[in-house]
Amino acid sequence: MNDFYYRKLNVYHKSLELVKMVYLLTESFPTSERMGLINQIQRAVISVPSNIAEGMGRFSNKERIHFLEIANGSLMEVMCQLEVSLLLGYITQQQFDEQELFISETTKMLIGLRKTFEDKVCK
């Protein structure tokens with residue numbers, strides 16, 4: 001079905017990969033964090049593809065931009081929570097570095113997509 005435009009976006013698929021990576025990463029966190037950091041980081045990472053999809057379902061480019069900005073904010077939230085996870089010893093420096101690189105790439109893709117819609121708004 002072609003009604004779901006967001007499925008055609010590389011950034012959407014990349015954000016789904018990030019969801020899987022974060023969920024796998026948090027499996028090794030202490031169970032005492034289940035209602036704390038695990039819940040928070042999983043909610044933030046799910047927000048990324050969810051907001052991309054919601055934004056692409058909107059009819060105005062301004063609204064699309066707004067949801068892409070929310071998705072980007074959620075990426076920054078995930079990054080912060082990964083830093084906390086590193087600080088607490090729940091992940092290694094190598095795991096953190098891998099996630100940081102992946103998030104950086106995803107952010108660049110989101111910014112590029114946002115610019116595409118921004119250019120349409122300005123015309």
# chains A, B, ... in the order shown; residues from 1 in each chain; ligands from 1

$ select_by_dssp --residues "chain A" --states "helix (DSSP H, G or I)" --output "ChimeraX atom specification"
/A:5-8,10-26,31-33,37-56,61-87,93-122

$ closest_atom_pairs --of "region 60-101 of chain A" --to "region 18-30 of chain A" --cutoff "9 Å" --atoms "only C-alpha atoms" --output "JSON lines"
{"residue": "A:Val78", "atom": "CA", "partner": "A:Val22", "partner_atom": "CA", "distance": 8.9}
{"residue": "A:Ser85", "atom": "CA", "partner": "A:Phe29", "partner_atom": "CA", "distance": 8.7}
{"residue": "A:Tyr90", "atom": "CA", "partner": "A:Phe29", "partner_atom": "CA", "distance": 5.8}
{"residue": "A:Ile91", "atom": "CA", "partner": "A:Leu25", "partner_atom": "CA", "distance": 7.8}
{"residue": "A:Gln95", "atom": "CA", "partner": "A:Leu25", "partner_atom": "CA", "distance": 8.4}
{"residue": "A:Gln99", "atom": "CA", "partner": "A:Leu18", "partner_atom": "CA", "distance": 8.1}

$ write_last_selection --atoms "N, CA and C atoms" --output "short mmCIF file (atom, residue, chain, number, x, y, z; two decimals), in the first residue's frame"
data_model
loop_
_atom_site.label_atom_id
_atom_site.label_comp_id
_atom_site.auth_asym_id
_atom_site.auth_seq_id
_atom_site.Cartn_x
_atom_site.Cartn_y
_atom_site.Cartn_z
N VAL A 78 17.36 10.85 23.69
CA VAL A 78 17.99 9.52 23.71
C VAL A 78 19.49 9.67 23.93
N SER A 85 23.42 6.60 30.97
CA SER A 85 23.68 5.16 31.02
C SER A 85 25.17 4.86 31.08
N TYR A 90 26.07 1.39 32.84
CA TYR A 90 25.15 0.44 32.24
C TYR A 90 25.55 0.07 30.82
N ILE A 91 26.31 0.95 30.16
CA ILE A 91 26.84 0.67 28.83
C ILE A 91 28.32 1.01 28.82
N GLN A 95 29.95 1.00 23.26
CA GLN A 95 28.51 1.00 22.96
C GLN A 95 28.00 2.42 22.81
N GLN A 99 26.37 4.18 19.37
CA GLN A 99 25.05 4.81 19.37
C GLN A 99 25.15 6.29 18.98
#

$ residues_around --residues "Ala71 (chain A)" --least-positions-apart "2" --cutoff "6 Å" --atoms "only C-alpha atoms" --output "list in words"
Val48, Asn51, Leu68, Glu69, Gly73 and Ser74 of chain A

$ residues_around --residues "Tyr12 (chain A)" --least-positions-apart "3" --cutoff "6 Å" --atoms "only C-alpha atoms" --output "list in words"
Leu9, Ser15 and Pro49 of chain A

$ closest_residue --among "A:Cys80, A:Ser50, A:Gln93, A:Leu86" --to "His13 (chain A)" --atoms "only C-alpha atoms"
A:Ser50

$ closest_residue --among "A:Asn39, A:Asn61, A:Gln94, A:Thr107" --to "Val121 (chain A)" --atoms "only C-alpha atoms"
A:Asn61

$ residues_around --residues "Lys120 (chain A)" --least-positions-apart "4" --cutoff "12 Å" --atoms "only C-alpha atoms" --output "PDB file with N, CA, C and O atoms, in the first residue's frame"
ATOM      1  N   SER A  60       0.133  19.905   5.730  1.00  0.00           N
ATOM      2  CA  SER A  60       0.916  21.117   5.486  1.00  0.00           C
ATOM      3  C   SER A  60       2.395  20.855   5.787  1.00  0.00           C
ATOM      4  O   SER A  60       2.740  20.088   6.689  1.00  0.00           O
ATOM      5  N   ASN A  61       3.226  21.509   5.022  1.00  0.00           N
ATOM      6  CA  ASN A  61       4.663  21.359   5.223  1.00  0.00           C
ATOM      7  C   ASN A  61       5.110  21.941   6.563  1.00  0.00           C
ATOM      8  O   ASN A  61       6.050  21.437   7.168  1.00  0.00           O
ATOM      9  N   LYS A  62       4.434  22.975   7.028  1.00  0.00           N
ATOM     10  CA  LYS A  62       4.768  23.539   8.343  1.00  0.00           C
ATOM     11  C   LYS A  62       4.541  22.513   9.441  1.00  0.00           C
ATOM     12  O   LYS A  62       5.344  22.398  10.365  1.00  0.00           O
ATOM     13  N   ARG A  64       4.572  19.248   9.006  1.00  0.00           N
ATOM     14  CA  ARG A  64       5.595  18.205   8.811  1.00  0.00           C
ATOM     15  C   ARG A  64       6.903  18.627   9.477  1.00  0.00           C
ATOM     16  O   ARG A  64       7.538  17.839  10.173  1.00  0.00           O
ATOM     17  N   ILE A  65       7.285  19.858   9.261  1.00  0.00           N
ATOM     18  CA  ILE A  65       8.512  20.391   9.878  1.00  0.00           C
ATOM     19  C   ILE A  65       8.414  20.300  11.397  1.00  0.00           C
ATOM     20  O   ILE A  65       9.364  19.887  12.063  1.00  0.00           O
ATOM     21  N   LEU A 113      15.846  16.305   5.615  1.00  0.00           N
ATOM     22  CA  LEU A 113      14.427  16.187   5.268  1.00  0.00           C
ATOM     23  C   LEU A 113      13.677  17.452   5.675  1.00  0.00           C
ATOM     24  O   LEU A 113      12.855  17.963   4.921  1.00  0.00           O
ATOM     25  N   ARG A 114      14.005  17.967   6.838  1.00  0.00           N
ATOM     26  CA  ARG A 114      13.375  19.212   7.310  1.00  0.00           C
ATOM     27  C   ARG A 114      13.652  20.341   6.328  1.00  0.00           C
ATOM     28  O   ARG A 114      12.763  21.113   5.990  1.00  0.00           O
ATOM     29  N   LYS A 115      14.891  20.429   5.857  1.00  0.00           N
ATOM     30  CA  LYS A 115      15.273  21.478   4.910  1.00  0.00           C
ATOM     31  C   LYS A 115      14.458  21.359   3.624  1.00  0.00           C
ATOM     32  O   LYS A 115      14.048  22.369   3.048  1.00  0.00           O
ATOM     33  N   THR A 116      14.218  20.138   3.181  1.00  0.00           N
ATOM     34  CA  THR A 116      13.412  19.924   1.976  1.00  0.00           C
ATOM     35  C   THR A 116      12.030  20.551   2.126  1.00  0.00           C
ATOM     36  O   THR A 116      11.547  21.245   1.236  1.00  0.00           O
TER      37      THR A 116
END

$ residues_around --residues "Met56 (chain A)" --least-positions-apart "6" --cutoff "9 Å" --atoms "only C-alpha atoms" --output "ChimeraX atom specification"
/A:4-6,63-64,67-68
